[in-house]
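Below is the file coords.json, which contains JSON, C-alpha atoms and all ligand atoms.
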[["chain", "number", "residue", "atom", "x", "y", "z"],
["E", 1, "ASP", "CA", -6.85, -20.26, -12.78],
["E", 2, "GLY", "CA", -5.27, -20.35, -9.37],
["E", 3, "LEU", "CA", -6.36, -21.65, -6.01],
["E", 4, "ILE", "CA", -8.66, -20.40, -3.29],
["E", 5, "TRP", "CA", -8.49, -21.47, 0.36],
["E", 6, "LEU", "CA", -12.00, -22.64, 1.29],
["E", 7, "ASP", "CA", -12.86, -24.19, 4.64],
["E", 8, "GLY", "CA", -9.37, -25.53, 5.18],
["E", 9, "GLU", "CA", -8.59, -26.75, 1.68],
["E", 10, "MET", "CA", -7.03, -25.30, -1.44],
["E", 11, "VAL", "CA", -9.69, -25.46, -4.13],
["E", 12, "PRO", "CA", -9.28, -24.61, -7.85],
["E", 13, "TRP", "CA", -10.62, -21.09, -8.52],
["E", 14, "ARG", "CA", -13.49, -22.35, -10.74],
["E", 15, "ASP", "CA", -14.69, -24.84, -8.09],
["E", 16, "ALA", "CA", -14.77, -22.36, -5.20],
["E", 17, "LYS", "CA", -18.49, -21.71, -5.55],
["E", 18, "VAL", "CA", -21.43, -21.01, -3.27],
["E", 19, "HIS", "CA", -25.07, -22.03, -3.63],
["E", 20, "VAL", "CA", -27.73, -19.47, -4.67],
["E", 21, "LEU", "CA", -29.32, -19.98, -1.24],
["E", 22, "THR", "CA", -26.15, -18.86, 0.55],
["E", 23, "HIS", "CA", -27.50, -16.98, 3.56],
["E", 24, "THR", "CA", -24.96, -14.13, 3.36],
["E", 25, "LEU", "CA", -25.94, -13.52, -0.26],
["E", 26, "HIS", "CA", -29.52, -12.84, 0.86],
["E", 27, "TYR", "CA", -29.07, -10.87, 4.05],
["E", 28, "GLY", "CA", -25.52, -9.54, 3.88],
["E", 29, "MET", "CA", -24.35, -10.79, 7.28],
["E", 30, "GLY", "CA", -20.71, -11.63, 6.78],
["E", 31, "VAL", "CA", -17.27, -10.31, 7.70],
["E", 32, "PHE", "CA", -14.20, -9.77, 5.59],
["E", 33, "GLU", "CA", -10.76, -8.22, 5.32],
["E", 34, "GLY", "CA", -8.70, -6.55, 2.64],
["E", 35, "VAL", "CA", -5.01, -7.29, 2.99],
["E", 36, "ARG", "CA", -1.99, -6.67, 0.78],
["E", 37, "ALA", "CA", 1.23, -8.57, 0.22],
["E", 38, "TYR", "CA", 4.16, -6.64, -1.19],
["E", 39, "GLU", "CA", 7.29, -7.67, -2.98],
["E", 40, "ALA", "CA", 10.37, -6.77, -0.98],
["E", 41, "GLU", "CA", 14.06, -7.55, -1.32],
["E", 42, "GLN", "CA", 13.70, -10.16, 1.41],
["E", 43, "GLY", "CA", 10.82, -11.82, -0.50],
["E", 44, "THR", "CA", 7.08, -11.31, -0.50],
["E", 45, "SER", "CA", 5.55, -10.31, 2.80],
["E", 46, "ILE", "CA", 2.03, -9.60, 3.98],
["E", 47, "PHE", "CA", 1.72, -6.14, 5.50],
["E", 48, "ARG", "CA", 0.24, -6.12, 9.04],
["E", 49, "LEU", "CA", -1.08, -9.68, 8.71],
["E", 50, "ASP", "CA", -1.50, -10.01, 12.46],
["E", 51, "ALA", "CA", -3.62, -6.85, 12.72],
["E", 52, "HIS", "CA", -5.84, -7.83, 9.79],
["E", 53, "THR", "CA", -6.49, -11.32, 11.12],
["E", 54, "LYS", "CA", -7.24, -9.92, 14.57],
["E", 55, "ARG", "CA", -9.72, -7.45, 13.07],
["E", 56, "LEU", "CA", -11.38, -10.29, 11.13],
["E", 57, "ILE", "CA", -11.75, -12.32, 14.32],
["E", 58, "ASN", "CA", -13.08, -9.27, 16.19],
["E", 59, "SER", "CA", -15.51, -8.50, 13.37],
["E", 60, "SER", "CA", -16.92, -12.03, 13.56],
["E", 61, "LYS", "CA", -17.25, -11.71, 17.33],
["E", 62, "ILE", "CA", -19.11, -8.40, 17.01],
["E", 63, "MET", "CA", -21.40, -9.91, 14.36],
["E", 64, "ASN", "CA", -21.91, -12.96, 16.56],
["E", 65, "MET", "CA", -20.68, -15.34, 13.85],
["E", 66, "PRO", "CA", -18.59, -18.07, 15.50],
["E", 67, "MET", "CA", -15.24, -18.11, 13.70],
["E", 68, "PRO", "CA", -14.36, -21.75, 13.06],
["E", 69, "TYR", "CA", -10.58, -21.16, 12.72],
["E", 70, "ASP", "CA", -7.99, -19.74, 15.07],
["E", 71, "GLN", "CA", -5.58, -16.92, 14.30],
["E", 72, "ALA", "CA", -2.68, -19.20, 13.32],
["E", 73, "THR", "CA", -4.84, -21.08, 10.80],
["E", 74, "LEU", "CA", -6.22, -17.86, 9.32],
["E", 75, "ASP", "CA", -2.72, -16.36, 9.08],
["E", 76, "GLU", "CA", -1.44, -19.45, 7.34],
["E", 77, "ALA", "CA", -4.45, -19.53, 4.97],
["E", 78, "GLN", "CA", -3.55, -16.02, 3.80],
["E", 79, "ARG", "CA", 0.12, -16.89, 3.36],
["E", 80, "ALA", "CA", -0.87, -20.03, 1.46],
["E", 81, "ALA", "CA", -3.20, -18.11, -0.86],
["E", 82, "VAL", "CA", -0.25, -15.91, -1.89],
["E", 83, "ARG", "CA", 2.36, -18.65, -1.99],
["E", 84, "GLU", "CA", 0.35, -21.31, -3.80],
["E", 85, "ASN", "CA", -0.70, -18.85, -6.48],
["E", 86, "ASN", "CA", 2.95, -17.80, -6.96],
["E", 87, "LEU", "CA", 2.09, -14.17, -6.33],
["E", 88, "LYS", "CA", 4.87, -11.68, -5.69],
["E", 89, "SER", "CA", 2.46, -8.95, -4.67],
["E", 90, "ALA", "CA", -1.21, -9.45, -4.01],
["E", 91, "TYR", "CA", -4.50, -8.22, -2.67],
["E", 92, "ILE", "CA", -5.85, -10.81, -0.25],
["E", 93, "ARG", "CA", -9.51, -11.19, 0.54],
["E", 94, "PRO", "CA", -10.49, -13.37, 3.54],
["E", 95, "MET", "CA", -14.22, -13.64, 4.21],
["E", 96, "ALA", "CA", -16.43, -15.48, 6.68],
["E", 97, "PHE", "CA", -19.99, -16.08, 5.51],
["E", 98, "TYR", "CA", -23.05, -18.10, 6.42],
["E", 99, "GLY", "CA", -23.79, -21.12, 4.23],
["E", 100, "SER", "CA", -27.01, -22.37, 2.66],
["E", 101, "GLU", "CA", -28.01, -24.63, 5.57],
["E", 102, "GLY", "CA", -31.06, -22.50, 6.36],
["E", 103, "MET", "CA", -33.07, -19.56, 5.09],
["E", 104, "GLY", "CA", -34.77, -16.64, 6.77],
["E", 105, "LEU", "CA", -33.52, -14.34, 9.49],
["E", 106, "ARG", "CA", -34.35, -16.86, 12.18],
["E", 107, "ALA", "CA", -32.13, -19.60, 10.77],
["E", 108, "ASP", "CA", -30.00, -20.88, 13.64],
["E", 109, "ASN", "CA", -28.36, -23.90, 12.07],
["E", 110, "LEU", "CA", -26.05, -21.95, 9.80],
["E", 111, "LYS", "CA", -22.48, -23.01, 9.24],
["E", 112, "VAL", "CA", -19.83, -20.30, 9.09],
["E", 113, "HIS", "CA", -17.64, -20.85, 6.03],
["E", 114, "VAL", "CA", -14.32, -19.12, 5.49],
["E", 115, "MET", "CA", -12.55, -18.42, 2.23],
["E", 116, "VAL", "CA", -9.33, -16.65, 1.32],
["E", 117, "ALA", "CA", -8.65, -15.54, -2.25],
["E", 118, "ALA", "CA", -5.60, -13.63, -3.51],
["E", 119, "TRP", "CA", -4.81, -11.95, -6.80],
["E", 120, "GLU", "CA", -2.43, -9.44, -8.36],
["E", 121, "TRP", "CA", -3.80, -5.90, -7.92],
["E", 122, "GLY", "CA", -2.16, -2.57, -8.67],
["E", 123, "ALA", "CA", -3.00, 0.93, -7.45],
["E", 124, "TYR", "CA", -6.68, 0.92, -6.44],
["E", 125, "MET", "CA", -7.48, 4.29, -7.98],
["E", 126, "GLY", "CA", -4.84, 4.12, -10.72],
["E", 127, "GLU", "CA", -1.10, 4.70, -10.54],
["E", 128, "GLU", "CA", -1.40, 8.27, -11.80],
["E", 129, "ASN", "CA", -3.71, 9.32, -8.96],
["E", 130, "LEU", "CA", -1.08, 8.41, -6.37],
["E", 131, "THR", "CA", 0.90, 11.41, -7.63],
["E", 132, "LYS", "CA", -1.79, 13.64, -9.07],
["E", 133, "GLY", "CA", -4.41, 13.19, -6.37],
["E", 134, "ILE", "CA", -8.13, 12.61, -6.71],
["E", 135, "LYS", "CA", -11.28, 14.67, -6.94],
["E", 136, "ILE", "CA", -13.90, 13.83, -4.36],
["E", 137, "ALA", "CA", -17.44, 14.93, -3.54],
["E", 138, "THR", "CA", -19.34, 15.08, -0.27],
["E", 139, "SER", "CA", -21.87, 12.28, -0.30],
["E", 140, "SER", "CA", -25.58, 12.45, 0.37],
["E", 141, "TYR", "CA", -25.16, 9.05, 2.07],
["E", 142, "THR", "CA", -24.13, 9.11, 5.70],
["E", 143, "ARG", "CA", -22.10, 6.90, 7.99],
["E", 144, "HIS", "CA", -23.71, 5.62, 11.14],
["E", 145, "HIS", "CA", -22.22, 5.66, 14.59],
["E", 146, "VAL", "CA", -20.64, 3.08, 16.82],
["E", 147, "ASN", "CA", -23.86, 1.32, 17.75],
["E", 148, "VAL", "CA", -24.11, -0.17, 14.29],
["E", 149, "THR", "CA", -20.59, -1.54, 14.57],
["E", 150, "MET", "CA", -18.92, 0.48, 11.85],
["E", 151, "THR", "CA", -15.71, 1.30, 13.63],
["E", 152, "LYS", "CA", -14.37, -2.08, 14.67],
["E", 153, "ALA", "CA", -16.08, -4.51, 12.29],
["E", 154, "LYS", "CA", -15.60, -4.93, 8.57],
["E", 155, "SER", "CA", -18.95, -6.42, 7.74],
["E", 156, "ASN", "CA", -20.45, -7.07, 4.31],
["E", 157, "GLY", "CA", -23.73, -5.28, 5.04],
["E", 158, "GLN", "CA", -21.98, -1.96, 5.68],
["E", 159, "TYR", "CA", -20.87, -1.70, 2.09],
["E", 160, "MET", "CA", -24.22, -1.06, 0.43],
["E", 161, "ASN", "CA", -23.88, 2.48, 1.72],
["E", 162, "SER", "CA", -20.29, 2.69, 0.47],
["E", 163, "MET", "CA", -21.20, 1.48, -3.00],
["E", 164, "LEU", "CA", -24.09, 3.91, -3.33],
["E", 165, "ALA", "CA", -21.87, 6.76, -2.15],
["E", 166, "LEU", "CA", -19.12, 5.81, -4.60],
["E", 167, "GLN", "CA", -21.55, 5.49, -7.53],
["E", 168, "GLU", "CA", -22.99, 8.88, -6.68],
["E", 169, "ALA", "CA", -19.51, 10.47, -6.60],
["E", 170, "VAL", "CA", -18.50, 8.84, -9.90],
["E", 171, "SER", "CA", -21.74, 10.01, -11.54],
["E", 172, "HIS", "CA", -20.72, 13.54, -10.55],
["E", 173, "GLY", "CA", -17.36, 13.17, -12.30],
["E", 174, "CYS", "CA", -15.37, 12.42, -9.12],
["E", 175, "ASP", "CA", -13.06, 9.58, -8.12],
["E", 176, "GLU", "CA", -14.35, 8.97, -4.61],
["E", 177, "ALA", "CA", -16.95, 10.04, -2.05],
["E", 178, "LEU", "CA", -16.50, 11.71, 1.30],
["E", 179, "LEU", "CA", -19.14, 10.42, 3.69],
["E", 180, "LEU", "CA", -20.27, 12.50, 6.64],
["E", 181, "ASP", "CA", -21.62, 11.09, 9.87],
["E", 182, "VAL", "CA", -25.25, 11.66, 10.89],
["E", 183, "ASP", "CA", -24.26, 14.90, 12.67],
["E", 184, "GLY", "CA", -22.62, 16.23, 9.50],
["E", 185, "TYR", "CA", -18.98, 15.73, 10.49],
["E", 186, "VAL", "CA", -16.46, 14.10, 8.15],
["E", 187, "SER", "CA", -16.34, 10.33, 8.55],
["E", 188, "GLU", "CA", -14.41, 8.57, 5.76],
["E", 189, "GLY", "CA", -14.38, 7.53, 2.12],
["E", 190, "SER", "CA", -16.26, 4.51, 0.74],
["E", 191, "GLY", "CA", -13.31, 2.31, 1.74],
["E", 192, "GLU", "CA", -10.68, 4.70, 3.12],
["E", 193, "ASN", "CA", -9.90, 6.77, 6.19],
["E", 194, "PHE", "CA", -9.58, 10.53, 5.83],
["E", 195, "PHE", "CA", -6.71, 12.84, 6.83],
["E", 196, "MET", "CA", -6.10, 16.55, 6.39],
["E", 197, "VAL", "CA", -3.19, 18.89, 7.11],
["E", 198, "LYS", "CA", -3.62, 22.44, 8.40],
["E", 199, "ASP", "CA", -0.73, 24.61, 9.54],
["E", 200, "GLY", "CA", 1.54, 21.60, 9.82],
["E", 201, "VAL", "CA", -0.83, 19.58, 12.05],
["E", 202, "LEU", "CA", -2.31, 16.30, 10.83],
["E", 203, "TYR", "CA", -6.02, 15.83, 11.56],
["E", 204, "THR", "CA", -8.18, 12.72, 11.25],
["E", 205, "PRO", "CA", -11.73, 12.00, 12.48],
["E", 206, "GLU", "CA", -12.07, 10.24, 15.82],
["E", 207, "LEU", "CA", -13.21, 6.62, 15.75],
["E", 208, "THR", "CA", -16.90, 7.30, 16.21],
["E", 209, "SER", "CA", -18.19, 6.54, 12.73],
["E", 210, "CYS", "CA", -15.25, 5.39, 10.61],
["E", 211, "LEU", "CA", -13.44, 2.08, 10.46],
["E", 212, "ASP", "CA", -10.42, 1.68, 12.75],
["E", 213, "GLY", "CA", -8.11, 1.46, 9.76],
["E", 214, "ILE", "CA", -4.80, -0.34, 9.88],
["E", 215, "THR", "CA", -3.26, 2.06, 7.37],
["E", 216, "ARG", "CA", -4.65, 4.95, 9.44],
["E", 217, "LYS", "CA", -2.78, 3.68, 12.46],
["E", 218, "THR", "CA", 0.45, 3.25, 10.47],
["E", 219, "ILE", "CA", 0.21, 6.81, 9.10],
["E", 220, "MET", "CA", -0.45, 8.27, 12.56],
["E", 221, "GLN", "CA", 2.63, 6.46, 13.87],
["E", 222, "LEU", "CA", 4.74, 7.66, 10.95],
["E", 223, "ALA", "CA", 3.60, 11.25, 11.39],
["E", 224, "LYS", "CA", 4.54, 11.17, 15.07],
["E", 225, "GLU", "CA", 7.97, 9.74, 14.20],
["E", 226, "ASN", "CA", 8.40, 12.71, 11.85],
["E", 227, "GLY", "CA", 7.58, 15.12, 14.66],
["E", 228, "ILE", "CA", 4.22, 16.02, 13.08],
["E", 229, "GLU", "CA", 1.47, 16.62, 15.61],
["E", 230, "VAL", "CA", -1.54, 14.33, 15.09],
["E", 231, "ARG", "CA", -5.01, 15.29, 16.32],
["E", 232, "GLU", "CA", -8.09, 13.08, 16.23],
["E", 233, "LYS", "CA", -11.13, 15.32, 16.23],
["E", 234, "ARG", "CA", -14.46, 16.08, 14.64],
["E", 235, "ILE", "CA", -13.85, 17.72, 11.28],
["E", 236, "THR", "CA", -16.35, 19.83, 9.36],
["E", 237, "ARG", "CA", -16.64, 20.16, 5.57],
["E", 238, "ASP", "CA", -15.59, 23.79, 5.86],
["E", 239, "GLU", "CA", -12.35, 22.80, 7.53],
["E", 240, "VAL", "CA", -11.58, 20.49, 4.62],
["E", 241, "TYR", "CA", -12.30, 23.22, 2.06],
["E", 242, "ILE", "CA", -9.64, 25.42, 3.66],
["E", 243, "ALA", "CA", -7.15, 22.66, 4.54],
["E", 244, "ASP", "CA", -3.61, 22.81, 3.20],
["E", 245, "GLU", "CA", -3.56, 19.13, 2.20],
["E", 246, "ALA", "CA", -5.81, 16.07, 2.36],
["E", 247, "PHE", "CA", -5.45, 12.36, 1.65],
["E", 248, "PHE", "CA", -7.15, 9.00, 2.04],
["E", 249, "THR", "CA", -5.56, 5.89, 3.55],
["E", 250, "GLY", "CA", -6.49, 2.24, 3.16],
["E", 251, "THR", "CA", -5.07, -1.13, 2.33],
["E", 252, "ALA", "CA", -6.47, -0.80, -1.19],
["E", 253, "ALA", "CA", -5.98, 2.96, -1.65],
["E", 254, "GLU", "CA", -2.63, 3.02, 0.24],
["E", 255, "VAL", "CA", -1.97, 6.77, 0.60],
["E", 256, "THR", "CA", -4.00, 8.60, -2.05],
["E", 257, "PRO", "CA", -3.78, 12.40, -2.16],
["E", 258, "ILE", "CA", -7.01, 14.39, -2.49],
["E", 259, "ARG", "CA", -6.70, 17.45, -4.73],
["E", 260, "GLU", "CA", -10.29, 18.65, -4.77],
["E", 261, "LEU", "CA", -13.45, 18.44, -2.67],
["E", 262, "ASP", "CA", -16.78, 19.60, -4.13],
["E", 263, "ASN", "CA", -15.00, 21.48, -6.94],
["E", 264, "ARG", "CA", -12.83, 23.41, -4.46],
["E", 265, "PRO", "CA", -9.09, 22.78, -4.82],
["E", 266, "ILE", "CA", -7.50, 21.75, -1.54],
["E", 267, "GLY", "CA", -4.36, 23.78, -0.82],
["E", 268, "ALA", "CA", -2.44, 24.08, -4.07],
["E", 269, "GLY", "CA", -4.79, 21.56, -5.72],
["E", 270, "SER", "CA", -2.07, 18.93, -5.93],
["E", 271, "ARG", "CA", -0.30, 16.43, -3.66],
["E", 272, "GLY", "CA", 1.01, 18.38, -0.68],
["E", 273, "PRO", "CA", 4.52, 18.04, 0.83],
["E", 274, "ILE", "CA", 3.45, 16.28, 4.06],
["E", 275, "THR", "CA", 1.24, 13.90, 2.08],
["E", 276, "GLU", "CA", 4.13, 13.14, -0.26],
["E", 277, "LYS", "CA", 6.51, 12.49, 2.62],
["E", 278, "LEU", "CA", 4.15, 10.15, 4.49],
["E", 279, "GLN", "CA", 3.19, 8.40, 1.26],
["E", 280, "SER", "CA", 6.79, 7.74, 0.33],
["E", 281, "GLN", "CA", 7.62, 6.52, 3.86],
["E", 282, "TYR", "CA", 4.55, 4.25, 3.75],
["E", 283, "PHE", "CA", 5.77, 2.67, 0.50],
["E", 284, "ASP", "CA", 9.23, 2.22, 2.03],
["E", 285, "ILE", "CA", 7.71, 0.30, 4.93],
["E", 286, "VAL", "CA", 5.41, -1.97, 2.91],
["E", 287, "HIS", "CA", 8.23, -2.79, 0.51],
["E", 288, "GLY", "CA", 10.55, -3.62, 3.40],
["E", 289, "ARG", "CA", 12.94, -0.73, 2.68],
["E", 290, "SER", "CA", 12.47, 0.59, 6.19],
["E", 291, "PRO", "CA", 11.32, -1.14, 9.38],
["E", 292, "ALA", "CA", 7.58, -1.58, 9.96],
["U", 301, "LIG", "N1", -12.81, 2.55, 5.92],
["U", 301, "LIG", "C1", -13.51, 1.60, 5.29],
["U", 301, "LIG", "C2", -14.99, 1.69, 5.24],
["U", 301, "LIG", "C3", -12.83, 0.51, 4.71],
["U", 301, "LIG", "O1", -13.51, -0.44, 4.07],
["U", 301, "LIG", "C4", -11.42, 0.46, 4.76],
["U", 301, "LIG", "C5", -10.70, -0.64, 4.14],
["U", 301, "LIG", "O2", -10.50, -1.65, 4.69],
["U", 301, "LIG", "C6", -10.74, 1.47, 5.44],
["U", 301, "LIG", "C7", -11.47, 2.51, 6.01],
["U", 301, "LIG", "C8", -9.25, 1.45, 5.56],
["U", 301, "LIG", "O3", -8.86, 0.45, 6.46],
["U", 301, "LIG", "P1", -7.47, -0.30, 6.35],
["U", 301, "LIG", "O4", -6.43, 0.76, 6.35],
["U", 301, "LIG", "O5", -7.42, -1.16, 7.54],
["U", 301, "LIG", "O6", -7.49, -1.05, 5.06]]
Could you render the structure from this file as structure tokens?
Amino acid sequence: DGLIWLDGEMVPWRDAKVHVLTHTLHYGMGVFEGVRAYEAEQGTSIFRLDAHTKRLINSSKIMNMPMPYDQATLDEAQRAAVRENNLKSAYIRPMAFYGSEGMGLRADNLKVHVMVAAWEWGAYMGEENLTKGIKIATSSYTRHHVNVTMTKAKSNGQYMNSMLALQEAVSHGCDEALLLDVDGYVSEGSGENFFMVKDGVLYTPELTSCLDGITRKTIMQLAKENGIEVREKRITRDEVYIADEAFFTGTAAEVTPIRELDNRPIGAGSRGPITEKLQSQYFDIVHGRSPA
């Protein structure tokens, strides 16, 4: 059912296939985005489309994969994936990947293919967790630093680590993992940026090992507009244990409160007041109830 944008054409969902020798399937070199469209009074609109497309283009540049389409074409592909599937709200997944024109790491005749799929998707960690908050565990998997392009590029290969971390957290009865960097400082979740509140100040890790999140940026802006001081700094596990509030941000996770880390309740062990305020303002923006 539905249509997927593939290399410039709308293709029926069941025909949008790749070959088993698809290079990206073997070696994981690819770049992608996660984008959301929200239903608003004014109609459906894609939140921060420009920023997501720019990050996709930058990711491909960092990974040295020549992007065959310009920003306008990629923007329109994402709009078309929502429109032509009659979606009112959607999760949108653009991806650039190498084809099956060659095999082996030395292949130099590879074509870069681009696809954009869109589908209806609700709260990433369940509706209830947006209010109740989630339980997380510090991961034994670590996030690398800038030299392996984690902060500016959303690249397929990075996510093996994220999946292993998430599986580990779930096997310990938690909803999500908190990954540390190689020096032991807090980095991010498997697919979310991390924030904590202490004495009315909002803290988030600097961009040394976590993705430069678009939701992160929005939340930092919102906090400043609310007169809340925002500090980007190295954060230790101990600081999180004694924080007043904590939450994750991401296109998928939106603003998800964290109620527990490693079996220690954070603050009151429920969604905190600053988290609630920023979360509600975030939903007002994405649904077009207040200006972006
Ligand atoms: N960190 C990682 C590893 C991610 O995959 C994502 C999701 O895209 C984020 C953070 C949050 O980024 P954004 O808010 O741009 O979706």
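You will find CA of Asp108 in chain E at 24.2 Å from CA of Tyr159 in chain E.
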- Query: CA of Asn161 in chain E and CA of Val20 in chain E, how far apart in Å?
  - Reply: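 Here the two named atoms are 23.2 Å from each other.
Distances to Arg259 in chain E were evaluated for E:Arg106, E:Arg271, E:Lys233, E:His23 using only C-alpha atoms, and the minimum falls at E:Arg271.
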Would you name the residues within 9 Å of ligand LIG 301 (chain U), counting only C-alpha atoms and all ligand atoms, and put them as a compact mmCIF listing (two decimals) with C-alpha atoms, keeping the file's coordinate frame?
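Contents of the output file selection-v7.txt:
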# COMPACT_ATOMS: atom_id res chain seq x y z
CA PHE E 32 -14.20 -9.77 5.59
CA GLU E 33 -10.76 -8.22 5.32
CA GLY E 34 -8.70 -6.55 2.64
CA VAL E 35 -5.01 -7.29 2.99
CA ARG E 36 -1.99 -6.67 0.78
CA ALA E 51 -3.62 -6.85 12.72
CA HIS E 52 -5.84 -7.83 9.79
CA ARG E 55 -9.72 -7.45 13.07
CA MET E 150 -18.92 0.48 11.85
CA THR E 151 -15.71 1.30 13.63
CA LYS E 154 -15.60 -4.93 8.57
CA SER E 155 -18.95 -6.42 7.74
CA GLN E 158 -21.98 -1.96 5.68
CA TYR E 159 -20.87 -1.70 2.09
CA SER E 162 -20.29 2.69 0.47
CA SER E 187 -16.34 10.33 8.55
CA GLU E 188 -14.41 8.57 5.76
CA GLY E 189 -14.38 7.53 2.12
CA SER E 190 -16.26 4.51 0.74
CA GLY E 191 -13.31 2.31 1.74
CA GLU E 192 -10.68 4.70 3.12
CA ASN E 193 -9.90 6.77 6.19
CA PHE E 194 -9.58 10.53 5.83
CA CYS E 210 -15.25 5.39 10.61
CA LEU E 211 -13.44 2.08 10.46
CA ASP E 212 -10.42 1.68 12.75
CA GLY E 213 -8.11 1.46 9.76
CA ILE E 214 -4.80 -0.34 9.88
CA THR E 215 -3.26 2.06 7.37
CA ARG E 216 -4.65 4.95 9.44
CA LYS E 217 -2.78 3.68 12.46
CA THR E 218 0.45 3.25 10.47
CA PHE E 248 -7.15 9.00 2.04
CA THR E 249 -5.56 5.89 3.55
CA GLY E 250 -6.49 2.24 3.16
CA THR E 251 -5.07 -1.13 2.33
CA ALA E 252 -6.47 -0.80 -1.19
CA ALA E 253 -5.98 2.96 -1.65
CA GLU E 254 -2.63 3.02 0.24
- Query: From the list E:Arg231, E:Arg83, E:Lys132, E:Lys198, which residue is nearest Val255 in chain E when using only C-alpha atoms?
  - Reply: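 Closest residue, counting only C-alpha atoms: E:Lys132.
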- Query: From the set E:Gln281, E:Ser270, E:Asn86, E:Gln221, which residue has the shortest atom-to-atom contact distance to Glu120 in chain E, counting all atoms listed in the file?
  - Reply: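 Using all atoms listed in the file, Glu120 in chain E sits closest to E:Asn86.
As for CA of Ser100 in chain E and CA of His19 in chain E, they are spaced 6.6 Å apart.
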- Task: Return the single residue from E:Thr131, E:Tyr27, E:Ile136, E:Met163 that is closest to Tyr98 in chain E, with distances computed using all atoms listed in the file.
- Result: E:Tyr27
Box for range 41-50 of chain E: with edges along x, y and z, all listed atoms inside and 5 Å added on each side, what are the centre and edge lengths in Å to one decimal, as AutoDock Vina command-line options?
--center_x 6.3 --center_y -9.0 --center_z 5.6 --size_x 25.6 --size_y 15.7 --size_z 23.8
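Using only C-alpha atoms, the nearest neighbour of Gly30 in chain E within the list E:Ala96, E:Leu87, E:Val18, E:Val82 is E:Ala96.
The residue set within 6 Å of Phe195 in chain E, counting all atoms listed in the file and dropping same-chain residues fewer than 3 places from it, reads Tyr203, Thr204, Ala246 and Phe247 of chain E.
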- Compare E:Ala165, E:Ile62, E:Ala77, E:Leu21 by their minimum atom-to-atom distance to Leu180 in chain E, counting all atoms listed in the file, and give me the closest one. E:Ala165
- Message: I'd like the neighbourhood of range 7-10 of chain E as JSON, numbers by chain, where a residue qualifies if any of its atoms comes within 10 Å (using all atoms listed in the file), though same-chain residues fewer than 2 positions away should be ignored.
- Response: {"E": [2, 3, 4, 5, 12, 13, 16, 68, 69, 73, 74, 77, 80, 81, 84, 96, 112, 113, 114, 115, 116, 117]}
- Within 12 Å of Gly133 in chain E, counting all atoms listed in the file, which residues qualify if same-chain residues fewer than 2 places away don't, as a PyMOL selection string? chain E and resi 125-131+135-136+174-176+245-248+253+255-261+265-272+275-276+279
